[in-house]
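What follows is a single structure, written as structure tokens, with notes after it.
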Amino acid sequence: MDFNALGACFTTPACVVTQATSGLIVGMLLFLVAAGLTLIFGVLKIVNFAHGTFYMLGGYVAYSAYVATDSYALAVLAGAVAMALFGVLFERVLMSRVYGSNVLMQLLVCYAVVLIFDDIVKIVWGPEFRAMGMPAAFQVPPLFIAGGVVPPFYAVLIGIAALIAIVLSLGLSRTRLGKTVRAAAVNPQMVSALGVNTTVLFAIVFAIGGGLAGLAGALAGPVRSLSPGMGFSILIEGFIVTVIGGMGSIAGAMVAALIIGLVRGFGTIGFPGFTDGLIYIVMIGILVLRPQGLFGRPL
Amino acid sequence: MKRNPALRDALFAAIVLILLLAIPMLHRSPAFEDFIIRLSAMALFATSLNLLVGTTGMVSFGHGMFYGFAAYAFGLTMQLTELSLPVAALFAVALTTIAALVVGAICVRLSTDYFAFITLAVQMLFFSVIVSWQSLTGGDQGLRGGIPRRRIFGFDLGSQLHLYQFCAIVAVLGLLALRHVSMSPFGNTLRMIRDNAERASFVGIVLWRARLLAFTIAGGFAGIGGVLAALFVSGAYPELADWPNSGQAIFAVMLGGINSFLGPVLGAMILLALNDLVQRFTEYHGLVLGIVILAFALGLRRGVLDFIHLVWSKRAR
Amino acid sequence: MNVEINHLTKSFGGVRAIDDVSLAFPSGSLSAVIGPNGAGKTTFFNLISGAFMADSGEVLLDREDILQLSKTERMRRGIGRAFQVASCFPTMTVRANLMAAVTAHAGRWTSLSHRFPSAGMRERAEEVMEFVGLTDVADVEATILSHGDQKLLDIAIALALEPKVLLLDEPTAGMGPDERWRMIERVRGLWERRKLTLIFIEHDMDIVFKVASSIRVLCYGKVLAEGTPDQIRNNQAVIDAYLGAEENAS
């Protein structure tokens with residue numbers, strides 16, 4: 001623990017900007033992953049343990065698309081669309097068979113998928129680390145805000161994620177589909193009694209969740225390297241965000257993702273080597289004080 | 001014998017133990033003995049988890065914490081003190097039981113999904129502490145230097161045969177004790193809570209107290225498994241307390257069957273055998289394991305022993 | 001046991017589900033609680049049994065206020081209850097259900113010293129089974145019992161705890177006309193033999209008027225009327241608010 005360094009950072013604008021930016025990057029990517037997780041849980045009451053795999057595959061698909069087309073935009077699109085389709089496939093072929101059975105049975109199916117695709121990635125892309133590299137368009141001098149270094153790509157990434165957050169929340173509150181999804185999260189029986197085709201609804205929810213996770217994996221391409229098994233750590237953090245925010249709450253996921261991102265950003269200075277531990281402490285504290293999470297409905 | 005189920009279980013355990021002890025006298029097979037040594041730790045670990053999952057309906061994702069905790073407690077006690085092996089082992093298990101009581105006190109009041117996540121978080125916190133407290137635990141390199149003073153009662157736990165005998169005895173006795181817990185009035189209380197917690201509280205059961213006691217007992221028995229694990233890996237590693245290790249126990253429980261007492265033991269056997277087999281034939285062992293798990297989950301839809309029970313009772317009807 | 005309720009109030013999110021209710025149930029009485037759907041009848045039971053904590057008021061059990069006690073504590077003081085949706089332990093046989101209940105009641109539920117069941121528990125479970133007439137299905141798993149037998153088992157579990165006051169939430173719910181009468185005769189029989197203070201919620205007016213010696217009418221969380229069957233039958237407020245509406249509907 002190094003409180004002096006942390007104190008010094010907080011009094012230096014440059015340090016605050018730098019750490020906050022890197023924290024925001026982490027937070028925004030986490031939000032995209034957690035939003036899907038929380039949406040799927042909200043509507044289907046299913047904890048999707050294979051969500052990290054969506055993220056990983058999204059990253060790899062984007063990597064290949066980038067290598068083939070040399071266009072970052074196309075790569076991101078490819079990652080998101082491919083994972084939306086994969087989400088539907090995953091839901092229809094596998095998860096729909098274990099609805100209503102034990103939570104652990106669902107966990108088992110998800111874990112099998114995680115194992116299988118970790119190895120498929122090894123076979124297709126190889127076991128070594130892969131990196132997309134910074135696209136040429138972003139290879140420009142960094143921005144300086146209050147003396148802090150902000151790479152332009154970071155700014156773009158934060159912007160895109162924020163945009164998606166807005167689109168997502170508008171979509172949920174304004175569109176017919178969004179209203180159905182929210183209603184289903186509150187009362188699934190009612191929605192099916194109203195004649196909504198839940199089969200289609202569930203597939204759509206998995207498509208959105210998969211698409212968001214794939215998008216996150218693809219967007220992260222230039223700043224994070226790819227490796228088989230990378231889905232696991234993002235899955236755990238996605239859970240933490242979901243639980244802290246309140247399972248089923250998109251707004252909660254946003255707030256919690258930012259909290260975790262910032263704890264990570266500044267934690268590396270105050271608690272080097274123990275940032276993970278710090279995050280678990282935050283999670284345990286919140287669960288003890290407010291078991292339903294920050295934005296969750298009381299149990 | 002039917003009249004006294006406790007005696008029947010004890011006899012069954014005695015027969016299994018005698019068989020296990022007799023096998024090396026007839027034929028020495030290092031691979032088999034190694035398998036049983038690893039199985040003994042895993043079986044205790046998985047069966048203790050099932051006291052929570054199958055018997056009480058509490059899904060814990062963090063059970064590996066107590067397995068790892070005991071391994072470190074035992075390894076450190078042996079390295080840092082002059083205590084003899086059995087005393088150190090008992091001390092480690094007692095410490096683990098207390099740890100389970102403390103963790104349980106925080107966790108058991110939360111409802112199902114949140115209980116699963118908070119146990120996972122506590123375990124991950126413990127894992128982070130192990131990895132970052134390098135001066136004590138050796139960090140991610142694990143607790144090296146081995147376990148000293150392995151001679152007890154004429155046993156030399158450095159030799160594979162003696163370790164095999166020791167593990168077989170501890171595991172069989174441990175499982176018998178767990179069986180007793182599961183068949184006691186308290187074990188029945190746990191089944192009542194699983195079946196209908198609301199009704200259970202209306203017949204006078206204080207839910208959190210029963211759940212906490214179950215969590216503590218399960219943690220203690222996982223600790224016994226952890227001590228055995230520390231013995232055969234000659235130390236302790238963060239992986240013992242990591243998430244995938246809890247996952248292994250969950251899969252053992254699910255593969256074998258949550259509603260049969262011996263289900264988790266069978267599941268541990270299947271999982272270990274599967275790991276060994278697949279590792280021998282392919283480097284893509286996750287791929288094969290994943291497909292097998294899928295076949296189990298989507299084909300049988302329940303653990304092997306539960307499936308057999310189901311088929312059996314259908315035929316009987 | 002004498003049950004006296006004074007100024008009992010409970011709100012859910014601003015809606016007063018039970019609003020200043022004061023009622024007395026003399027020891028050994030057989031009373032019905034009636035009222036239209038949403039009148040607060042089940043909430044009333046939940047407050048007496050401790051499933052919910054009341055916002056204010058008193059629940060006196062032989063003059064002792066039990067409002068602050070937990071449901072387990074209240075159960076020990078002699079309040080038993082059966083549920084609208086039969087509540088038992090589905091994976092256990094009828095016998096095991098009752099052995100489980102008597103074991104818990106004897107305070108043996110954390111016992112690790114011996115195998116289940118403890119000595120004497122089998123016999124006590126047997127007694128209860130015989131008393132309610134479930135001996136024929138003693139070894140049947142609760143989940144495959146008929147609906148009526150499940151309701152009976154729920155009541156039997158409550159009886160196994162030797163209550164002084166028994167709250168039955170619609171003992172005849174979901175039954176056909178013949179089955180209803182058989183059920184209510186059994187309830188009446190056990191009330192006579194056990195000398196309980198028995199309070200039941202019931203929708204079937206024929207049953208209520210024939211069986212209950214006194215009736216309480218709840219409406220929108222308030223007491224609308226109380227009295228003997230004859231008094232209730234002729235009470236204009238009750239007819240307007242409840243019976244009249246029922247007749248119009250049918």
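In the structure tokens, chains take letters A, B, ... by order of appearance, with residues numbered from 1 within each chain and ligands from 1 in the order shown.
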Counting only C-alpha atoms, chain B residues within 10 Å of chain C, as JSON, numbers by chain: {"B": [4, 5, 6, 180, 181, 182, 183, 184, 185, 186, 187, 188, 189, 190, 191, 192, 193, 194, 195, 196, 197, 198, 199, 200, 201, 202, 203, 204, 205, 206, 207, 209, 210, 213, 214]}
Only N, CA and C atoms, please: the residues just picked out, written as a tab-separated table (two decimals), in the first residue's frame.
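Writing the result to again-v6.tsv gives the following:
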```
chain	number	residue	atom	x	y	z
B	4	ASN	N	-30.21	-51.28	10.98
B	4	ASN	CA	-29.31	-50.25	11.46
B	4	ASN	C	-28.49	-49.65	10.33
B	5	PRO	N	-29.03	-48.59	9.72
B	5	PRO	CA	-28.35	-48.02	8.56
B	5	PRO	C	-26.96	-47.48	8.90
B	6	ALA	N	-26.77	-47.03	10.16
B	6	ALA	CA	-25.45	-46.50	10.52
B	6	ALA	C	-24.41	-47.60	10.45
B	180	HIS	N	-22.55	-39.28	8.09
B	180	HIS	CA	-23.27	-39.19	9.36
B	180	HIS	C	-23.95	-37.83	9.50
B	181	VAL	N	-23.22	-36.77	9.15
B	181	VAL	CA	-23.81	-35.42	9.21
B	181	VAL	C	-25.06	-35.38	8.35
B	182	SER	N	-24.94	-35.92	7.14
B	182	SER	CA	-26.03	-35.83	6.19
B	182	SER	C	-27.26	-36.64	6.64
B	183	MET	N	-27.02	-37.71	7.42
B	183	MET	CA	-28.15	-38.54	7.87
B	183	MET	C	-28.64	-38.17	9.27
B	184	SER	N	-28.00	-37.20	9.91
B	184	SER	CA	-28.41	-36.80	11.27
B	184	SER	C	-29.65	-35.92	11.21
B	185	PRO	N	-30.27	-35.65	12.34
B	185	PRO	CA	-31.39	-34.70	12.33
B	185	PRO	C	-30.99	-33.37	11.69
B	186	PHE	N	-29.76	-32.95	11.91
B	186	PHE	CA	-29.32	-31.69	11.29
B	186	PHE	C	-29.29	-31.82	9.76
B	187	GLY	N	-28.79	-32.95	9.27
B	187	GLY	CA	-28.79	-33.18	7.83
B	187	GLY	C	-30.21	-33.10	7.27
B	188	ASN	N	-31.16	-33.65	8.04
B	188	ASN	CA	-32.55	-33.59	7.60
B	188	ASN	C	-33.07	-32.15	7.61
B	189	THR	N	-32.63	-31.38	8.60
B	189	THR	CA	-32.98	-29.96	8.65
B	189	THR	C	-32.53	-29.26	7.37
B	190	LEU	N	-31.32	-29.60	6.91
B	190	LEU	CA	-30.81	-28.97	5.68
B	190	LEU	C	-31.68	-29.33	4.48
B	191	ARG	N	-32.15	-30.57	4.43
B	191	ARG	CA	-33.03	-30.97	3.33
B	191	ARG	C	-34.37	-30.23	3.41
B	192	MET	N	-34.83	-30.01	4.65
B	192	MET	CA	-36.07	-29.24	4.80
B	192	MET	C	-35.89	-27.83	4.24
B	193	ILE	N	-34.75	-27.23	4.53
B	193	ILE	CA	-34.49	-25.87	4.04
B	193	ILE	C	-34.43	-25.87	2.51
B	194	ARG	N	-33.78	-26.88	1.94
B	194	ARG	CA	-33.69	-26.97	0.48
B	194	ARG	C	-35.09	-27.10	-0.12
B	195	ASP	N	-35.90	-27.97	0.50
B	195	ASP	CA	-37.23	-28.24	-0.03
B	195	ASP	C	-38.15	-27.03	0.08
B	196	ASN	N	-38.11	-26.36	1.22
B	196	ASN	CA	-39.10	-25.31	1.48
B	196	ASN	C	-38.65	-24.49	2.68
B	197	ALA	N	-37.84	-23.47	2.40
B	197	ALA	CA	-37.23	-22.69	3.48
B	197	ALA	C	-38.30	-21.98	4.31
B	198	GLU	N	-39.35	-21.49	3.64
B	198	GLU	CA	-40.42	-20.78	4.34
B	198	GLU	C	-41.09	-21.69	5.37
B	199	ARG	N	-41.43	-22.91	4.93
B	199	ARG	CA	-42.08	-23.85	5.83
B	199	ARG	C	-41.12	-24.22	6.97
B	200	ALA	N	-39.84	-24.41	6.61
B	200	ALA	CA	-38.86	-24.80	7.61
B	200	ALA	C	-38.80	-23.75	8.72
B	201	SER	N	-38.86	-22.48	8.35
B	201	SER	CA	-38.77	-21.46	9.39
B	201	SER	C	-40.05	-21.44	10.22
B	202	PHE	N	-41.16	-21.91	9.63
B	202	PHE	CA	-42.41	-21.96	10.39
B	202	PHE	C	-42.55	-23.21	11.25
B	203	VAL	N	-41.60	-24.14	11.18
B	203	VAL	CA	-41.64	-25.23	12.16
B	203	VAL	C	-40.56	-25.02	13.22
B	204	GLY	N	-39.92	-23.86	13.20
B	204	GLY	CA	-39.03	-23.52	14.29
B	204	GLY	C	-37.55	-23.56	13.96
B	205	ILE	N	-37.22	-23.70	12.65
B	205	ILE	CA	-35.80	-23.72	12.28
B	205	ILE	C	-35.32	-22.30	12.02
B	206	VAL	N	-34.22	-21.92	12.65
B	206	VAL	CA	-33.65	-20.60	12.40
B	206	VAL	C	-32.73	-20.75	11.19
B	207	LEU	N	-33.21	-20.23	10.05
B	207	LEU	CA	-32.55	-20.55	8.78
B	207	LEU	C	-31.06	-20.19	8.77
B	209	ARG	N	-28.96	-19.80	11.06
B	209	ARG	CA	-28.11	-20.59	11.96
B	209	ARG	C	-27.81	-21.96	11.35
B	210	ALA	N	-28.85	-22.57	10.77
B	210	ALA	CA	-28.65	-23.88	10.12
B	210	ALA	C	-27.71	-23.75	8.93
B	213	LEU	N	-24.11	-23.21	10.08
B	213	LEU	CA	-23.52	-24.45	10.59
B	213	LEU	C	-23.12	-25.36	9.42
B	214	ALA	N	-24.00	-25.45	8.43
B	214	ALA	CA	-23.68	-26.28	7.25
B	214	ALA	C	-22.44	-25.74	6.54
```
Alpha helix (DSSP H) residues, from DSSP on the backbone, in range 24-158 of chain A, as a ChimeraX atom specification: /A:24-44,51-69,72-93,103-125,152-158
Hey, could you make a per-residue contact list for chain A against chain B with 8 Å as the cut-off, showing the nearest pair of atoms and its distance in Å to one decimal, counting only C-alpha atoms, sorted by chain and number, as a tab-separated table?
```
residue	atom	partner	partner_atom	distance
A:Arg97	CA	B:Leu298	CA	7.1
A:Val98	CA	B:Leu298	CA	7.5
A:Leu104	CA	B:Met254	CA	7.3
A:Met105	CA	B:Ala297	CA	6.4
A:Leu108	CA	B:Ala297	CA	6.9
A:Val109	CA	B:Leu294	CA	5.8
A:Tyr111	CA	B:Gly290	CA	7.4
A:Ala112	CA	B:Gly290	CA	4.0
A:Val113	CA	B:Gly290	CA	6.4
A:Val114	CA	B:Gly290	CA	7.8
A:Leu115	CA	B:Gly286	CA	4.7
A:Ile116	CA	B:Leu287	CA	4.1
A:Phe117	CA	B:Leu287	CA	7.3
A:Asp118	CA	B:Gly286	CA	7.4
A:Asp119	CA	B:Leu287	CA	5.6
A:Ile120	CA	B:Leu287	CA	7.3
A:Phe239	CA	B:Phe117	CA	8.0
A:Val243	CA	B:Tyr114	CA	7.6
A:Gly273	CA	B:Ser132	CA	6.2
A:Phe274	CA	B:Ser132	CA	6.5
A:Asp276	CA	B:Ser128	CA	6.5
A:Gly277	CA	B:Leu125	CA	5.0
A:Leu278	CA	B:Leu125	CA	8.0
A:Tyr280	CA	B:Ala121	CA	5.5
A:Ile281	CA	B:Leu125	CA	7.0
A:Met283	CA	B:Ala121	CA	7.1
A:Ile284	CA	B:Ile118	CA	6.2
A:Leu287	CA	B:Ile118	CA	7.0
A:Val288	CA	B:Ile106	CA	7.0
A:Pro291	CA	B:Leu110	CA	6.7
A:Gln292	CA	B:Tyr114	CA	7.8
```
Using only C-alpha atoms, determine which residues lie at most 8 Å from Met53 in chain C, disregarding the query and same-chain residues fewer than 3 positions distant; provide the list as a CSV table (one decimal) with C-alpha atoms, in the first residue's frame.
```
chain,number,residue,atom,x,y,z
C,47,LEU,CA,-48.8,-10.3,10.7
C,50,GLY,CA,-44.8,-13.1,12.2
C,67,LEU,CA,-45.5,-8.4,18.0
C,68,GLN,CA,-41.8,-7.9,18.3
```
Neighbour list for range 136-150 of chain A as a PyMOL selection string, cut-off 12 Å, only C-alpha atoms, skip fewer than 3 positions in-chain: chain A and resi 9+12-25+66+70-73+132-133+153-158+222-223
So that I have them on file, write out the residues from the current selection with N, CA and C atoms, as a short mmCIF file (atom, residue, chain, number, x, y, z; two decimals), in the first residue's frame.
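For reference, out24.cif as written:
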```
data_model
loop_
_atom_site.label_atom_id
_atom_site.label_comp_id
_atom_site.auth_asym_id
_atom_site.auth_seq_id
_atom_site.Cartn_x
_atom_site.Cartn_y
_atom_site.Cartn_z
N CYS A 9 -0.72 11.70 -6.35
CA CYS A 9 -1.42 11.64 -7.64
C CYS A 9 -2.66 12.52 -7.61
N THR A 12 -2.01 16.08 -8.20
CA THR A 12 -1.41 16.46 -9.47
C THR A 12 -2.43 16.27 -10.58
N PRO A 13 -2.89 17.36 -11.20
CA PRO A 13 -3.92 17.22 -12.25
C PRO A 13 -3.50 16.25 -13.35
N ALA A 14 -2.24 16.30 -13.74
CA ALA A 14 -1.79 15.44 -14.84
C ALA A 14 -2.01 13.97 -14.48
N CYS A 15 -1.65 13.63 -13.26
CA CYS A 15 -1.80 12.24 -12.83
C CYS A 15 -3.27 11.86 -12.77
N VAL A 16 -4.09 12.77 -12.24
CA VAL A 16 -5.53 12.47 -12.14
C VAL A 16 -6.09 12.22 -13.53
N VAL A 17 -5.75 13.06 -14.48
CA VAL A 17 -6.28 12.90 -15.85
C VAL A 17 -5.83 11.57 -16.44
N THR A 18 -4.54 11.28 -16.32
CA THR A 18 -4.02 10.05 -16.91
C THR A 18 -4.69 8.82 -16.30
N GLN A 19 -4.74 8.77 -14.98
CA GLN A 19 -5.31 7.60 -14.32
C GLN A 19 -6.81 7.51 -14.56
N ALA A 20 -7.48 8.66 -14.55
CA ALA A 20 -8.92 8.65 -14.77
C ALA A 20 -9.22 8.15 -16.18
N THR A 21 -8.41 8.58 -17.16
CA THR A 21 -8.64 8.13 -18.53
C THR A 21 -8.46 6.63 -18.65
N SER A 22 -7.38 6.12 -18.07
CA SER A 22 -7.19 4.67 -18.20
C SER A 22 -8.28 3.94 -17.42
N GLY A 23 -8.73 4.53 -16.33
CA GLY A 23 -9.84 3.94 -15.59
C GLY A 23 -11.12 3.96 -16.40
N LEU A 24 -11.35 5.06 -17.11
CA LEU A 24 -12.58 5.17 -17.92
C LEU A 24 -12.59 4.14 -19.04
N ILE A 25 -11.42 3.93 -19.66
CA ILE A 25 -11.32 2.91 -20.72
C ILE A 25 -11.77 1.55 -20.18
N TYR A 66 -9.60 -7.23 -39.35
CA TYR A 66 -8.68 -6.09 -39.49
C TYR A 66 -7.50 -6.48 -40.37
N ASP A 70 -7.90 -4.25 -43.27
CA ASP A 70 -7.14 -3.10 -42.84
C ASP A 70 -8.04 -1.95 -42.39
N SER A 71 -9.29 -2.26 -42.10
CA SER A 71 -10.21 -1.21 -41.65
C SER A 71 -10.68 -1.52 -40.23
N TYR A 72 -10.38 -0.60 -39.29
CA TYR A 72 -10.77 -0.81 -37.91
C TYR A 72 -12.30 -0.81 -37.77
N ALA A 73 -12.96 0.08 -38.51
CA ALA A 73 -14.42 0.17 -38.42
C ALA A 73 -15.06 -1.15 -38.84
N MET A 132 -3.57 -6.49 -32.36
CA MET A 132 -4.07 -5.85 -33.57
C MET A 132 -3.17 -4.68 -33.93
N GLY A 133 -2.64 -4.03 -32.93
CA GLY A 133 -1.84 -2.84 -33.18
C GLY A 133 -2.73 -1.62 -33.36
N PHE A 153 -6.95 7.65 -29.31
CA PHE A 153 -7.79 6.45 -29.42
C PHE A 153 -8.63 6.27 -28.16
N TYR A 154 -8.03 6.59 -27.00
CA TYR A 154 -8.77 6.47 -25.74
C TYR A 154 -10.01 7.34 -25.77
N ALA A 155 -9.81 8.56 -26.24
CA ALA A 155 -10.95 9.49 -26.28
C ALA A 155 -12.04 8.93 -27.18
N VAL A 156 -11.62 8.39 -28.33
CA VAL A 156 -12.60 7.85 -29.28
C VAL A 156 -13.34 6.67 -28.65
N LEU A 157 -12.56 5.80 -28.00
CA LEU A 157 -13.14 4.61 -27.40
C LEU A 157 -14.18 4.98 -26.34
N ILE A 158 -13.80 5.92 -25.48
CA ILE A 158 -14.73 6.36 -24.44
C ILE A 158 -15.98 6.95 -25.08
N PRO A 222 -7.07 -2.62 -30.28
CA PRO A 222 -5.83 -1.86 -30.35
C PRO A 222 -5.13 -1.66 -29.00
N VAL A 223 -5.83 -1.81 -27.88
CA VAL A 223 -5.18 -1.54 -26.59
C VAL A 223 -4.92 -2.79 -25.77
#
```
Close residues, Tyr237 in chain B itself excluded, 10 Å, only C-alpha atoms, min 3 positions apart in chain, as number ranges by chain: B: 68, 71-72, 130-131, 137-144, 230, 233-234, 240-242
Quick one: everything within 9 Å of Glu237 in chain A, counting only C-alpha atoms, minus sequence neighbours fewer than 5 positions away in the same chain. Send it as an mmCIF file with N, CA and C atoms, in the first residue's frame.
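Contents of the output file around36.cif:
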```cif
data_model
loop_
_atom_site.group_PDB
_atom_site.id
_atom_site.type_symbol
_atom_site.label_atom_id
_atom_site.label_comp_id
_atom_site.auth_asym_id
_atom_site.auth_seq_id
_atom_site.Cartn_x
_atom_site.Cartn_y
_atom_site.Cartn_z
ATOM 1 N N LEU A 30 -15.851 -2.569 -19.691
ATOM 2 C CA LEU A 30 -16.573 -3.402 -18.719
ATOM 3 C C LEU A 30 -18.074 -3.186 -18.825
ATOM 4 N N ALA A 34 -20.815 -5.961 -19.179
ATOM 5 C CA ALA A 34 -21.765 -6.135 -18.077
ATOM 6 C C ALA A 34 -23.196 -5.822 -18.503
ATOM 7 N N PHE A 232 -11.904 -15.128 -19.344
ATOM 8 C CA PHE A 232 -12.230 -15.406 -17.955
ATOM 9 C C PHE A 232 -12.169 -14.176 -17.051
ATOM 10 N N THR A 242 -21.940 -6.276 -12.557
ATOM 11 C CA THR A 242 -23.363 -6.592 -12.572
ATOM 12 C C THR A 242 -23.922 -6.665 -11.163
ATOM 13 N N ALA A 257 -19.562 0.004 -13.423
ATOM 14 C CA ALA A 257 -18.414 -0.152 -14.330
ATOM 15 C C ALA A 257 -17.467 1.031 -14.156
ATOM 16 N N ILE A 260 -15.608 0.611 -10.828
ATOM 17 C CA ILE A 260 -14.544 -0.399 -10.919
ATOM 18 C C ILE A 260 -13.395 0.112 -11.778
ATOM 19 N N ILE A 279 -10.872 -4.543 -5.548
ATOM 20 C CA ILE A 279 -12.173 -4.635 -6.213
ATOM 21 C C ILE A 279 -13.072 -5.657 -5.515
#
```
Near-range 244-249 of chain A list (10 Å; only C-alpha atoms; drop same-chain fewer than 4 positions) as a short mmCIF file (atom, residue, chain, number, x, y, z; two decimals) with N, CA and C atoms, in the first residue's frame:
```cif
data_model
loop_
_atom_site.label_atom_id
_atom_site.label_comp_id
_atom_site.auth_asym_id
_atom_site.auth_seq_id
_atom_site.Cartn_x
_atom_site.Cartn_y
_atom_site.Cartn_z
N ALA A 34 -20.82 -5.96 -19.18
CA ALA A 34 -21.76 -6.14 -18.08
C ALA A 34 -23.20 -5.82 -18.50
N ALA A 35 -23.35 -4.88 -19.45
CA ALA A 35 -24.71 -4.53 -19.89
C ALA A 35 -25.40 -5.77 -20.46
N GLY A 36 -24.66 -6.53 -21.26
CA GLY A 36 -25.23 -7.75 -21.83
C GLY A 36 -25.55 -8.77 -20.76
N LEU A 37 -24.60 -8.93 -19.83
CA LEU A 37 -24.81 -9.89 -18.74
C LEU A 37 -26.06 -9.55 -17.94
N THR A 38 -26.18 -8.27 -17.62
CA THR A 38 -27.28 -7.86 -16.75
C THR A 38 -28.61 -7.92 -17.49
N LEU A 39 -28.56 -7.64 -18.80
CA LEU A 39 -29.77 -7.72 -19.62
C LEU A 39 -30.26 -9.18 -19.68
N ILE A 40 -29.32 -10.08 -19.94
CA ILE A 40 -29.68 -11.50 -20.03
C ILE A 40 -30.21 -11.99 -18.69
N PHE A 41 -29.55 -11.56 -17.61
CA PHE A 41 -30.04 -11.99 -16.30
C PHE A 41 -31.41 -11.39 -16.02
N GLY A 42 -31.56 -10.11 -16.35
CA GLY A 42 -32.82 -9.44 -16.07
C GLY A 42 -33.99 -10.13 -16.73
N VAL A 43 -33.85 -10.48 -18.01
CA VAL A 43 -34.97 -11.03 -18.76
C VAL A 43 -35.10 -12.53 -18.55
N LEU A 44 -33.98 -13.25 -18.61
CA LEU A 44 -34.07 -14.71 -18.58
C LEU A 44 -33.79 -15.31 -17.22
N LYS A 45 -33.33 -14.49 -16.28
CA LYS A 45 -32.91 -14.97 -14.96
C LYS A 45 -31.83 -16.06 -15.10
N VAL A 47 -27.65 -16.67 -15.51
CA VAL A 47 -26.32 -16.09 -15.40
C VAL A 47 -25.47 -16.68 -16.52
N ARG A 182 -37.92 -4.64 -20.91
CA ARG A 182 -37.96 -4.17 -19.52
C ARG A 182 -39.12 -4.81 -18.76
N ALA A 185 -38.25 -8.23 -17.79
CA ALA A 185 -37.32 -8.28 -16.67
C ALA A 185 -38.06 -8.18 -15.34
N VAL A 186 -39.17 -7.43 -15.34
CA VAL A 186 -39.93 -7.27 -14.12
C VAL A 186 -40.85 -8.46 -13.89
N GLY A 238 -16.98 -8.58 -15.18
CA GLY A 238 -18.34 -8.31 -15.63
C GLY A 238 -19.35 -8.67 -14.54
N PHE A 239 -19.13 -9.81 -13.89
CA PHE A 239 -20.00 -10.22 -12.79
C PHE A 239 -19.97 -9.21 -11.66
N ILE A 240 -18.75 -8.80 -11.32
CA ILE A 240 -18.60 -7.86 -10.21
C ILE A 240 -19.42 -6.60 -10.50
N ALA A 253 -25.24 -0.99 -14.05
CA ALA A 253 -24.04 -1.53 -14.68
C ALA A 253 -23.11 -0.38 -15.07
N MET A 254 -23.68 0.72 -15.57
CA MET A 254 -22.88 1.87 -15.98
C MET A 254 -22.12 2.45 -14.78
N VAL A 255 -22.88 2.72 -13.71
CA VAL A 255 -22.26 3.33 -12.53
C VAL A 255 -21.19 2.41 -11.95
N ALA A 256 -21.55 1.13 -11.82
CA ALA A 256 -20.61 0.17 -11.22
C ALA A 256 -19.37 0.01 -12.10
N ALA A 257 -19.56 0.00 -13.42
CA ALA A 257 -18.41 -0.15 -14.33
C ALA A 257 -17.47 1.03 -14.16
N ILE A 259 -17.18 2.88 -11.43
CA ILE A 259 -16.53 2.73 -10.12
C ILE A 259 -15.34 1.77 -10.23
N ILE A 260 -15.61 0.61 -10.83
CA ILE A 260 -14.54 -0.40 -10.92
C ILE A 260 -13.39 0.11 -11.78
N VAL A 282 -14.47 -4.06 -2.46
CA VAL A 282 -15.59 -3.18 -2.79
C VAL A 282 -16.86 -4.01 -2.99
N MET A 283 -16.72 -5.11 -3.74
CA MET A 283 -17.88 -5.95 -4.04
C MET A 283 -18.47 -6.56 -2.77
N ILE A 284 -17.61 -7.11 -1.93
CA ILE A 284 -18.10 -7.74 -0.70
C ILE A 284 -18.78 -6.70 0.17
N GLY A 285 -18.15 -5.53 0.28
CA GLY A 285 -18.73 -4.46 1.10
C GLY A 285 -20.13 -4.10 0.62
N ILE A 286 -20.27 -3.93 -0.69
CA ILE A 286 -21.58 -3.54 -1.22
C ILE A 286 -22.61 -4.65 -1.03
N LEU A 287 -22.18 -5.89 -1.23
CA LEU A 287 -23.13 -7.00 -1.06
C LEU A 287 -23.60 -7.11 0.39
N ARG A 290 -25.74 -3.75 0.98
CA ARG A 290 -26.90 -3.61 0.09
C ARG A 290 -26.92 -4.78 -0.87
N PRO A 291 -27.45 -5.92 -0.39
CA PRO A 291 -27.34 -7.18 -1.15
C PRO A 291 -27.89 -7.09 -2.56
N GLN A 292 -28.87 -6.24 -2.79
CA GLN A 292 -29.47 -6.22 -4.14
C GLN A 292 -28.67 -5.34 -5.09
N GLY A 293 -27.54 -4.78 -4.63
CA GLY A 293 -26.73 -3.94 -5.49
C GLY A 293 -27.21 -2.50 -5.45
N LEU A 294 -26.44 -1.60 -6.07
CA LEU A 294 -26.76 -0.17 -5.95
C LEU A 294 -28.12 0.17 -6.54
N PHE A 295 -28.43 -0.39 -7.71
CA PHE A 295 -29.66 -0.01 -8.40
C PHE A 295 -30.68 -1.15 -8.46
N GLY A 296 -30.40 -2.23 -7.76
CA GLY A 296 -31.31 -3.37 -7.83
C GLY A 296 -32.56 -3.14 -6.98
N ARG A 297 -33.60 -3.83 -7.34
CA ARG A 297 -34.81 -3.77 -6.53
C ARG A 297 -34.58 -4.58 -5.26
N PRO A 298 -35.08 -4.14 -4.12
CA PRO A 298 -34.91 -4.91 -2.89
C PRO A 298 -35.44 -6.32 -3.06
N ASP B 113 -28.54 -16.31 -5.71
CA ASP B 113 -27.57 -15.83 -6.69
C ASP B 113 -26.49 -14.98 -6.02
N TYR B 114 -26.93 -14.13 -5.11
CA TYR B 114 -25.98 -13.24 -4.45
C TYR B 114 -25.05 -14.02 -3.53
#
```
